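Engineer: Sharing a structure with you now.
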Amino acid sequence: MQRLPWIYAGLAALCLGAWIFFGNYAGPAGLPVPALGPFFHPPQGFWTNTLTDMTDRTGSRSITIDHPLAKGDIFFDERSVPHIFADDLEAACFLQGYVMAADRLWQMDISTRSTEGRLSEILGPRTQSRDIDQIRRGYRVAARRTVDTMKVYFPDDYRATVAYADGVNAFIDQLTPDQYPFEYKLLGHAPLRWSPYRSALLLKGMAQGLSARYEDVAAERTLAYLGEATYRELFPARFPDASPIVPDEAYAGKKKPGTTAARSAAVSMAPAPVAQKIPLHASPRLPKTDQSSPAWPTVAEFAEEKLPYTIFPQDPDNGSNNWAVSGKKSNTGRPLMANDPHLGLSLPSVWYEAQIKYGEVNARGVGLPGAAGLAMGFNDHIAWGETNVGHDVTDWFRITWTDSSRTHYLLDGETVAATIVRDTLLVKGQEDMVIETPWTIFGPVPFTEGPYADMAMRWIAHDAPGKERPHSSSGTFLRLPAATGYDDYVDALRGYVNPAQNFLMASRQGDVAMRPNGYFPLRTRGDGRYPYAGDTRASAWKGYIPFNERPVHKNPSRGFVASANQVTTGPQYPYPYQGRFGEYRGRIINRQLARETTMNQRKMKELQLSSYSLLAEELVPWLIARVDRGSLDEEGRKLLRVLSEWDYNFSAESRGATLFEMWRKRVYNFTFDELPRDSGYLQPEIWKWNDLLSEQPNHPIFDIDSTRNFRETAATLTQRAFEEILDELDGKLPEPWYIARDARIQHLGRIPGFGTDRIKAPGARMVPRVFDDGFGASWRMVVELGDNPRAWGALPGGPSGQPSSQHYTTGLDDWINGRYHELIRWPSPEAAASLATGHWSFN
């Protein structure tokens, strides 16, 4: 018993030591935990984030800031959406920056760190390789170029961007550490000062998510493996039944754009090494060293990883729907417009709702947290919105180094020095690293190993053209809210570079128009499908498609314009391009719009919320017809009825939707067993597979590689897939679709408890109502143009980025259940004062 005091003393000392160790240092022993002392500090720790005054927007506040632009008013409605009233554009940008920072500061901070390659500064070595990739791929350089160009050539846009940054910093300057958003305390860091550079990083992150797709090496290897004839058959340039965004009829009676050279380029192909054709049964696999290389993940890998901290994660289905019907198809006699961008879903939401009123401008819509302006919205005169174009605007060039130092390379028979760009990578708990990246005339050379080793990356988002355009890309989203008609809409698009978007417009004057717009490369030859030789200037791009020769669809006789990420143009368009295009949503939307004689805002919403699958309509009858019903027992017949009685809607409770997805994916994988996802080869598009099933069911591609003594057909694969599913279910029915899909919306930083549970809602990837795990309609909007335009919207979240706020998920329930809220624009501060629930006055 004499020892007990000493034992107690020893335990106390151990506890004290542990508290000192864990309480004062973040990430002790490599554990992903904050410094517990500051985190649990009673007056300064995370407890303060539960106080309502941190996120309360009710009542009135007078805010005094020593800045010439800190004048105006912000009113908040019952949903805590800000309504900004200012004297001019720059003051409006200042107030927008202030209120966005108040609601979304950590989201703005962490998402631009992700693009810049600065996550390791706060997260440590676990994000080091990711940061190095971002640095070497040139995102810092691209953002700096954007800002430098804006300063010199677009001073008006630069002043607006500086005003926005000043507003953000004005809010940061008022914060004390105990008022930092919760995530700062959890990760143990402080807010970054904002600047035009950070806004540029935000837009480069958007470009990465929407236009940094490339499959050049995979295409080259697939061509070499299959041989040219089989490759051309499985990977044709166009879908013959496509319903393009800008059909050839748009050019009827007009001089077609382009030149003879452009038409010649359209039919030429980039050279690619073609190995001796390998029979399909040989099915060699790529060397393991290639498959496991540290090169940047493919689009599919990105989608699977669902990388945290970025608001624009790459996804093979990143896209959107938008359309407008003219007055002749509208119940009001004026145009109707709809837009819903499909992106990665997270909390807080990708978009931030706001009304912005200054001078004669009175616009409402959504913008990106971290950038000034409104990306989608409406005003007194027009409505506008975007979908992703999907063109391949990234090319790769094989560099021949003259020595192992990778500082000089061959170009047209001469030795040329590479420009070595040096960047500093800060890694928490380690010494700073200097990252050196060689840049060639084509672009950076990011990788030293893997499939893209020693290739230069030519990406359109690295470019920051100056005097040849009238304004910056940022300026597009400052000018659209002020547009009064078609001509202003066109002018607002002239300076936009990347990521290319299908810009939709409808006006109360009666115009409806779609312009696939952005900078599209003019390649010397081919369409960028394969890597080019990097030892000659002849391989370099020769410019961009001129603005006036980009596709346009204005006031067509059919009475509507529409896009859903399908192929951009008809086959007569003279400039060659290739990319990833979805061909099911676009066709079903165009079909529905063509069938309707009169649309109204209710029908516009119903089409946005439609979970009807055109793929299922085309494929299900074929699948059912190929099953040998005579061989089925009662369980088999019962399972088949699940699909035969299905209405092709991906409703939440549908079991037919689940069975269809199980069946069609299995048949697809059987079909292309020679080209598995992990092989490094391309896989044919769904429409091509569907076409093979119906038109060429005995094609050799259906023969499974591993069954040497039996030749499969489409029918035998379909039967085999059904039997396997039947065995796996073991007498049970498929799960309801919402359970099988298991879709959730997670916190941006993947912090447990700050996202949603499984969401019960209709939708799937290839239907108008796109919804999958962490992916879907990031904003829905329907606008009824007229003398007094009306609009409705739905956001999967709320204005606040604070998980403790009641407005963190304000709109989520409505979004899940297909409800919309009206997008009210107050005409004046006086009108707002009588209706608002909160008011910030700046003076």
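Letters for chains follow the order of the structure tokens (A, B, ...), residue numbers begin at 1 for each chain, and ligand numbers begin at 1 in the order shown.
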Just the residues within 9 Å of Tyr584 in chain A, please, counting only C-alpha atoms, with nothing from its chain fewer than 2 positions along; format it as a CSV table (one decimal) with N, CA and C atoms, in the first residue's frame.
Structural biologist:
chain,number,residue,atom,x,y,z
A,242,ALA,N,-26.6,11.1,-83.2
A,242,ALA,CA,-26.5,12.2,-82.2
A,242,ALA,C,-27.5,13.3,-82.5
A,564,ALA,N,-26.9,19.2,-73.4
A,564,ALA,CA,-26.7,18.3,-72.2
A,564,ALA,C,-25.4,17.5,-72.4
A,566,GLN,N,-23.9,16.7,-75.0
A,566,GLN,CA,-23.7,15.9,-76.2
A,566,GLN,C,-22.7,16.6,-77.2
A,582,GLY,N,-21.9,13.0,-73.8
A,582,GLY,CA,-23.0,12.2,-73.4
A,582,GLY,C,-24.1,12.3,-74.4
A,586,GLY,N,-29.1,14.4,-73.7
A,586,GLY,CA,-29.4,15.4,-74.8
A,586,GLY,C,-30.5,14.9,-75.7
A,587,ARG,N,-30.5,13.6,-76.1
A,587,ARG,CA,-31.5,13.1,-77.0
A,587,ARG,C,-32.9,13.1,-76.3
A,588,ILE,N,-33.0,12.7,-75.0
A,588,ILE,CA,-34.3,12.6,-74.4
A,588,ILE,C,-34.9,14.0,-74.2
A,589,ILE,N,-34.0,15.0,-73.8
A,589,ILE,CA,-34.5,16.4,-73.6
A,589,ILE,C,-34.9,17.0,-74.9
A,613,SER,N,-35.1,7.0,-68.4
A,613,SER,CA,-33.8,6.6,-69.1
A,613,SER,C,-34.1,6.2,-70.5
A,614,LEU,N,-33.5,7.0,-71.4
A,614,LEU,CA,-33.5,6.6,-72.8
A,614,LEU,C,-32.7,5.4,-73.1
A,615,LEU,N,-31.6,5.2,-72.4
A,615,LEU,CA,-30.8,4.0,-72.6
A,615,LEU,C,-31.6,2.8,-72.2
A,687,TRP,N,-23.0,4.2,-76.1
A,687,TRP,CA,-23.8,4.1,-77.3
A,687,TRP,C,-23.3,3.2,-78.3
A,766,MET,N,-27.4,8.9,-66.4
A,766,MET,CA,-27.7,9.2,-67.8
A,766,MET,C,-29.2,9.6,-68.0
A,767,VAL,N,-29.8,10.2,-67.0
A,767,VAL,CA,-31.2,10.7,-67.1
A,767,VAL,C,-31.1,12.2,-66.8
A,768,PRO,N,-32.2,12.9,-67.2
A,768,PRO,CA,-32.1,14.4,-67.0
A,768,PRO,C,-31.9,14.7,-65.5
Engineer: So that I can check the surroundings of Pro556 in chain A, please list as a VMD selection string every protein, DNA and RNA residue that reaches within 9 Å of it, counting only C-alpha atoms and ignoring chain neighbours fewer than 2 positions away.
Structural biologist: chain A and resid 249 to 250 326 512 to 513 553 to 554 558 to 561
Engineer: Emit the selected residues as an mmCIF file, in the first residue's frame, including N, CA and C atoms.
Structural biologist:
data_model
loop_
_atom_site.group_PDB
_atom_site.id
_atom_site.type_symbol
_atom_site.label_atom_id
_atom_site.label_comp_id
_atom_site.auth_asym_id
_atom_site.auth_seq_id
_atom_site.Cartn_x
_atom_site.Cartn_y
_atom_site.Cartn_z
ATOM 1 N N GLU A 249 -28.271 22.350 -89.500
ATOM 2 C CA GLU A 249 -29.296 23.260 -90.002
ATOM 3 C C GLU A 249 -29.051 24.699 -89.544
ATOM 4 N N ALA A 250 -28.281 24.867 -88.465
ATOM 5 C CA ALA A 250 -28.007 26.217 -87.983
ATOM 6 C C ALA A 250 -27.223 27.025 -89.004
ATOM 7 N N SER A 326 -38.613 29.175 -77.120
ATOM 8 C CA SER A 326 -39.019 30.496 -77.592
ATOM 9 C C SER A 326 -40.471 30.768 -77.230
ATOM 10 N N VAL A 512 -33.717 33.386 -78.126
ATOM 11 C CA VAL A 512 -33.111 32.259 -77.429
ATOM 12 C C VAL A 512 -31.864 31.872 -78.215
ATOM 13 N N ALA A 513 -30.791 31.588 -77.526
ATOM 14 C CA ALA A 513 -29.536 31.314 -78.231
ATOM 15 C C ALA A 513 -28.640 30.416 -77.388
ATOM 16 N N HIS A 553 -26.289 28.808 -82.226
ATOM 17 C CA HIS A 553 -27.651 28.367 -82.522
ATOM 18 C C HIS A 553 -28.586 29.430 -81.961
ATOM 19 N N LYS A 554 -29.165 30.226 -82.831
ATOM 20 C CA LYS A 554 -30.005 31.342 -82.397
ATOM 21 C C LYS A 554 -31.375 31.261 -83.053
ATOM 22 N N ARG A 558 -37.329 25.322 -84.868
ATOM 23 C CA ARG A 558 -37.945 24.300 -84.025
ATOM 24 C C ARG A 558 -38.444 24.860 -82.703
ATOM 25 N N GLY A 559 -38.008 26.080 -82.367
ATOM 26 C CA GLY A 559 -38.545 26.748 -81.195
ATOM 27 C C GLY A 559 -37.793 26.517 -79.902
ATOM 28 N N PHE A 560 -36.627 25.920 -79.918
ATOM 29 C CA PHE A 560 -35.850 25.725 -78.695
ATOM 30 C C PHE A 560 -34.384 25.502 -79.022
ATOM 31 N N VAL A 561 -33.547 25.809 -78.051
ATOM 32 C CA VAL A 561 -32.126 25.457 -78.071
ATOM 33 C C VAL A 561 -31.861 24.661 -76.798
#
Engineer: For Ala764 in chain A, list every protein, DNA or RNA residue within 10 Å, evaluated using only C-alpha atoms, and leave out those in the same chain fewer than 4 positions away; present the list as a CSV table (one decimal) with all heavy atoms, in the first residue's frame.
Structural biologist:
chain,number,residue,atom,x,y,z
A,611,SER,N,-36.6,11.3,-64.3
A,611,SER,CA,-35.6,10.2,-64.1
A,611,SER,C,-35.8,9.2,-65.2
A,611,SER,O,-35.3,8.0,-65.0
A,611,SER,CB,-35.7,9.6,-62.7
A,611,SER,OG,-37.0,9.0,-62.6
A,612,TYR,N,-36.4,9.5,-66.3
A,612,TYR,CA,-36.6,8.6,-67.4
A,612,TYR,C,-35.3,8.3,-68.2
A,612,TYR,O,-34.6,9.2,-68.5
A,612,TYR,CB,-37.7,9.1,-68.4
A,612,TYR,CG,-38.1,8.1,-69.4
A,612,TYR,CD1,-39.1,7.2,-69.2
A,612,TYR,CD2,-37.5,8.1,-70.7
A,612,TYR,CE1,-39.5,6.3,-70.1
A,612,TYR,CE2,-37.9,7.2,-71.7
A,612,TYR,CZ,-38.9,6.3,-71.4
A,612,TYR,OH,-39.3,5.4,-72.3
A,613,SER,N,-35.1,7.0,-68.4
A,613,SER,CA,-33.8,6.6,-69.1
A,613,SER,C,-34.1,6.2,-70.5
A,613,SER,O,-34.7,5.2,-70.8
A,613,SER,CB,-33.2,5.4,-68.3
A,613,SER,OG,-32.1,4.9,-69.0
A,649,ASN,N,-38.0,4.5,-65.3
A,649,ASN,CA,-37.7,5.7,-64.5
A,649,ASN,C,-36.8,5.2,-63.3
A,649,ASN,O,-37.1,4.2,-62.7
A,649,ASN,CB,-39.0,6.3,-63.9
A,649,ASN,CG,-39.6,7.2,-64.9
A,649,ASN,OD1,-39.2,8.3,-65.2
A,649,ASN,ND2,-40.7,6.8,-65.5
A,650,PHE,N,-35.8,6.0,-63.0
A,650,PHE,CA,-34.9,5.7,-61.9
A,650,PHE,C,-35.5,6.3,-60.7
A,650,PHE,O,-34.9,7.2,-60.1
A,650,PHE,CB,-33.5,6.2,-62.2
A,650,PHE,CG,-32.7,5.2,-63.0
A,650,PHE,CD1,-32.8,5.2,-64.4
A,650,PHE,CD2,-31.7,4.4,-62.4
A,650,PHE,CE1,-32.1,4.3,-65.1
A,650,PHE,CE2,-31.0,3.5,-63.2
A,650,PHE,CZ,-31.1,3.5,-64.5
A,651,SER,N,-36.7,5.9,-60.3
A,651,SER,CA,-37.3,6.4,-59.1
A,651,SER,C,-36.6,5.7,-57.9
A,651,SER,O,-35.9,4.7,-58.0
A,651,SER,CB,-38.8,6.1,-59.1
A,651,SER,OG,-39.0,4.7,-59.2
A,652,ALA,N,-36.7,6.4,-56.7
A,652,ALA,CA,-36.0,5.9,-55.5
A,652,ALA,C,-36.3,4.5,-55.1
A,652,ALA,O,-35.4,3.7,-54.8
A,652,ALA,CB,-36.3,6.9,-54.4
A,657,ALA,N,-34.8,-0.5,-61.8
A,657,ALA,CA,-33.6,0.3,-62.1
A,657,ALA,C,-32.4,-0.3,-61.6
A,657,ALA,O,-31.3,-0.4,-62.2
A,657,ALA,CB,-33.8,1.7,-61.4
A,661,GLU,N,-29.2,-1.7,-64.0
A,661,GLU,CA,-27.8,-1.3,-63.8
A,661,GLU,C,-26.9,-2.5,-63.6
A,661,GLU,O,-25.8,-2.6,-64.1
A,661,GLU,CB,-27.7,-0.3,-62.7
A,661,GLU,CG,-28.2,1.1,-63.0
A,661,GLU,CD,-27.4,1.7,-64.1
A,661,GLU,OE1,-26.2,2.1,-63.8
A,661,GLU,OE2,-27.8,1.8,-65.2
A,737,TRP,N,-33.6,1.2,-55.7
A,737,TRP,CA,-32.5,1.9,-56.3
A,737,TRP,C,-31.8,2.8,-55.4
A,737,TRP,O,-30.6,2.9,-55.4
A,737,TRP,CB,-33.1,2.7,-57.5
A,737,TRP,CG,-32.1,3.6,-58.2
A,737,TRP,CD1,-32.2,4.9,-58.3
A,737,TRP,CD2,-30.8,3.2,-58.7
A,737,TRP,NE1,-31.1,5.4,-59.0
A,737,TRP,CE2,-30.2,4.4,-59.2
A,737,TRP,CE3,-30.1,2.0,-58.9
A,737,TRP,CZ2,-29.0,4.4,-59.8
A,737,TRP,CZ3,-28.9,2.0,-59.5
A,737,TRP,CH2,-28.3,3.2,-60.0
A,738,TYR,N,-32.5,3.5,-54.5
A,738,TYR,CA,-31.8,4.5,-53.7
A,738,TYR,C,-30.8,3.8,-52.7
A,738,TYR,O,-29.8,4.3,-52.3
A,738,TYR,CB,-32.8,5.4,-52.9
A,738,TYR,CG,-33.4,4.8,-51.7
A,738,TYR,CD1,-32.8,5.1,-50.4
A,738,TYR,CD2,-34.5,4.0,-51.7
A,738,TYR,CE1,-33.3,4.6,-49.2
A,738,TYR,CE2,-35.0,3.4,-50.5
A,738,TYR,CZ,-34.5,3.7,-49.3
A,738,TYR,OH,-35.0,3.2,-48.2
A,741,ARG,N,-27.8,2.5,-55.0
A,741,ARG,CA,-27.0,3.6,-55.4
A,741,ARG,C,-26.2,4.2,-54.2
A,741,ARG,O,-25.0,4.6,-54.4
A,741,ARG,CB,-27.9,4.7,-56.0
A,741,ARG,CG,-27.2,5.9,-56.5
A,741,ARG,CD,-28.2,7.0,-56.9
A,741,ARG,NE,-29.1,7.3,-55.8
A,741,ARG,CZ,-30.2,7.9,-55.9
A,741,ARG,NH1,-30.7,8.2,-57.1
A,741,ARG,NH2,-31.0,8.1,-54.8
A,743,ALA,N,-26.3,7.0,-52.4
A,743,ALA,CA,-25.8,8.3,-52.7
A,743,ALA,C,-25.8,9.2,-51.4
A,743,ALA,O,-26.8,9.2,-50.7
A,743,ALA,CB,-26.6,9.0,-53.8
A,768,PRO,N,-32.2,12.9,-67.2
A,768,PRO,CA,-32.1,14.4,-67.0
A,768,PRO,C,-31.9,14.7,-65.5
A,768,PRO,O,-31.1,15.7,-65.2
A,768,PRO,CB,-33.5,14.8,-67.4
A,768,PRO,CG,-33.9,13.9,-68.5
A,768,PRO,CD,-33.3,12.5,-68.0
A,769,ARG,N,-32.5,14.0,-64.6
A,769,ARG,CA,-32.3,14.2,-63.2
A,769,ARG,C,-31.0,13.5,-62.7
A,769,ARG,O,-31.1,12.4,-62.2
A,769,ARG,CB,-33.5,13.8,-62.3
A,769,ARG,CG,-33.3,14.2,-60.8
A,769,ARG,CD,-34.6,13.9,-60.1
A,769,ARG,NE,-34.6,14.4,-58.7
A,769,ARG,CZ,-35.6,14.6,-57.9
A,769,ARG,NH1,-36.8,14.4,-58.4
A,769,ARG,NH2,-35.5,15.0,-56.7
A,770,VAL,N,-29.9,14.0,-63.0
A,770,VAL,CA,-28.6,13.4,-62.7
A,770,VAL,C,-28.4,13.4,-61.1
A,770,VAL,O,-28.5,14.4,-60.5
A,770,VAL,CB,-27.5,14.0,-63.4
A,770,VAL,CG1,-26.1,13.5,-62.9
A,770,VAL,CG2,-27.6,13.9,-64.9
A,771,PHE,N,-28.2,12.2,-60.6
A,771,PHE,CA,-27.9,12.0,-59.2
A,771,PHE,C,-27.2,10.7,-58.9
A,771,PHE,O,-27.7,9.7,-59.3
A,771,PHE,CB,-29.1,12.2,-58.3
A,771,PHE,CG,-28.9,12.2,-56.8
A,771,PHE,CD1,-27.8,12.8,-56.3
A,771,PHE,CD2,-29.7,11.5,-56.0
A,771,PHE,CE1,-27.5,12.8,-54.9
A,771,PHE,CE2,-29.4,11.4,-54.6
A,771,PHE,CZ,-28.4,12.1,-54.1
A,772,ASP,N,-26.1,10.8,-58.3
A,772,ASP,CA,-25.3,9.6,-57.9
A,772,ASP,C,-24.6,9.9,-56.6
A,772,ASP,O,-24.7,11.0,-56.1
A,772,ASP,CB,-24.3,9.2,-59.0
A,772,ASP,CG,-23.9,7.7,-58.9
A,772,ASP,OD1,-24.2,7.1,-57.9
A,772,ASP,OD2,-23.2,7.3,-59.8
A,773,ASP,N,-23.8,9.0,-56.1
A,773,ASP,CA,-23.1,9.3,-54.9
A,773,ASP,C,-22.1,10.5,-55.0
A,773,ASP,O,-21.2,10.4,-55.8
A,773,ASP,CB,-22.3,8.0,-54.4
A,773,ASP,CG,-21.6,8.2,-53.1
A,773,ASP,OD1,-22.1,9.0,-52.3
A,773,ASP,OD2,-20.5,7.6,-52.9
A,775,PHE,N,-22.6,13.3,-56.5
A,775,PHE,CA,-22.6,13.8,-57.8
A,775,PHE,C,-24.0,14.1,-58.2
A,775,PHE,O,-24.9,13.3,-58.0
A,775,PHE,CB,-22.0,12.9,-58.8
A,775,PHE,CG,-21.8,13.4,-60.2
A,775,PHE,CD1,-20.8,14.2,-60.5
A,775,PHE,CD2,-22.8,13.1,-61.2
A,775,PHE,CE1,-20.7,14.8,-61.8
A,775,PHE,CE2,-22.6,13.6,-62.5
A,775,PHE,CZ,-21.6,14.4,-62.8
A,776,GLY,N,-24.3,15.3,-58.9
A,776,GLY,CA,-25.6,15.6,-59.3
A,776,GLY,C,-25.8,17.0,-59.7
A,776,GLY,O,-24.8,17.8,-59.9
Engineer: If I take CA of Gln128 in chain A and CA of Thr310 in chain A, how far is one from the other in Å, to one decimal?
Structural biologist: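 These atoms are spaced 15.5 Å apart.
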Engineer: Please determine, counting only C-alpha atoms, which residue among A:Val152, A:Ala237, A:Ile824, A:Ile122 has the shortest atom-to-atom distance to Lys185 in chain A.
Structural biologist: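 So, comparing all the options, the nearest one is A:Ile122.
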Engineer: Can you pull out every residue within 6 Å of range 419-429 of chain A, counting only C-alpha atoms, but drop anything in the same chain fewer than 6 positions away, and send it as a PyMOL selection string?
Structural biologist: chain A and resi 120-122+124+435-439
Engineer: How would the residues just chosen look if you wrote them out with C-alpha atoms as a tab-separated table (two decimals), in the first residue's frame?
Structural biologist:
chain	number	residue	atom	x	y	z
A	120	SER	CA	0.55	19.79	-47.26
A	121	GLU	CA	1.23	23.06	-45.50
A	122	ILE	CA	-1.66	22.21	-43.16
A	124	GLY	CA	1.36	17.25	-43.75
A	435	ILE	CA	10.02	21.76	-56.88
A	436	GLU	CA	11.68	22.23	-60.28
A	437	THR	CA	9.60	21.80	-63.43
A	438	PRO	CA	11.03	22.12	-66.94
A	439	TRP	CA	8.83	24.09	-69.34
Engineer: Based on the backbone DSSP call, show me all residues of range 521-605 of chain A assigned helix (DSSP H, G or I), as a PyMOL selection string.
Structural biologist: chain A and resi 537-539+547-549+585-595+601-605
Engineer: Using CA of His699 in chain A and CA of Gln719 in chain A as the two end points, give the distance in Å to one decimal.
Structural biologist: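 If I compute the distance from CA of His699 in chain A to CA of Gln719 in chain A, I get 16.5 Å.
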Engineer: Which residue out of A:Ile84, A:Cys93, A:Ala163, A:Ala831 has the minimum interatomic distance to Ala354 in chain A when only C-alpha atoms are used?
Structural biologist: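 Selected residue with least distance to Ala354 in chain A: A:Ile84.
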Engineer: Between A:Leu522, A:Ile624, A:Val350, A:Ala165, which has the minimum distance to Ala777 in chain A (counting only C-alpha atoms)?
Structural biologist: A:Val350
Engineer: So, with only C-alpha atoms as the atoms that count, which of A:Gly680, A:Glu723, A:Asn817, A:Asn788 lies closest to Gly450 in chain A?
Structural biologist: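 Using only C-alpha atoms, Gly450 in chain A sits closest to A:Gly680.
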Engineer: Running DSSP on the backbone, which parts of range 285-499 of chain A land in strand (DSSP E or B), as JSON, numbers by chain?
Structural biologist: {"A": [319, 320, 321, 322, 323, 324, 325, 330, 336, 337, 338, 339, 340, 341, 342, 343, 344, 346, 347, 352, 353, 354, 355, 356, 357, 358, 361, 362, 363, 364, 365, 366, 367, 376, 377, 378, 382, 383, 384, 385, 386, 387, 388, 391, 394, 395, 396, 397, 398, 401, 408, 409, 410, 411, 414, 415, 416, 417, 419, 420, 421, 422, 423, 424, 425, 433, 434, 435, 436, 437, 438, 439, 444, 455, 456, 457, 458, 459]}
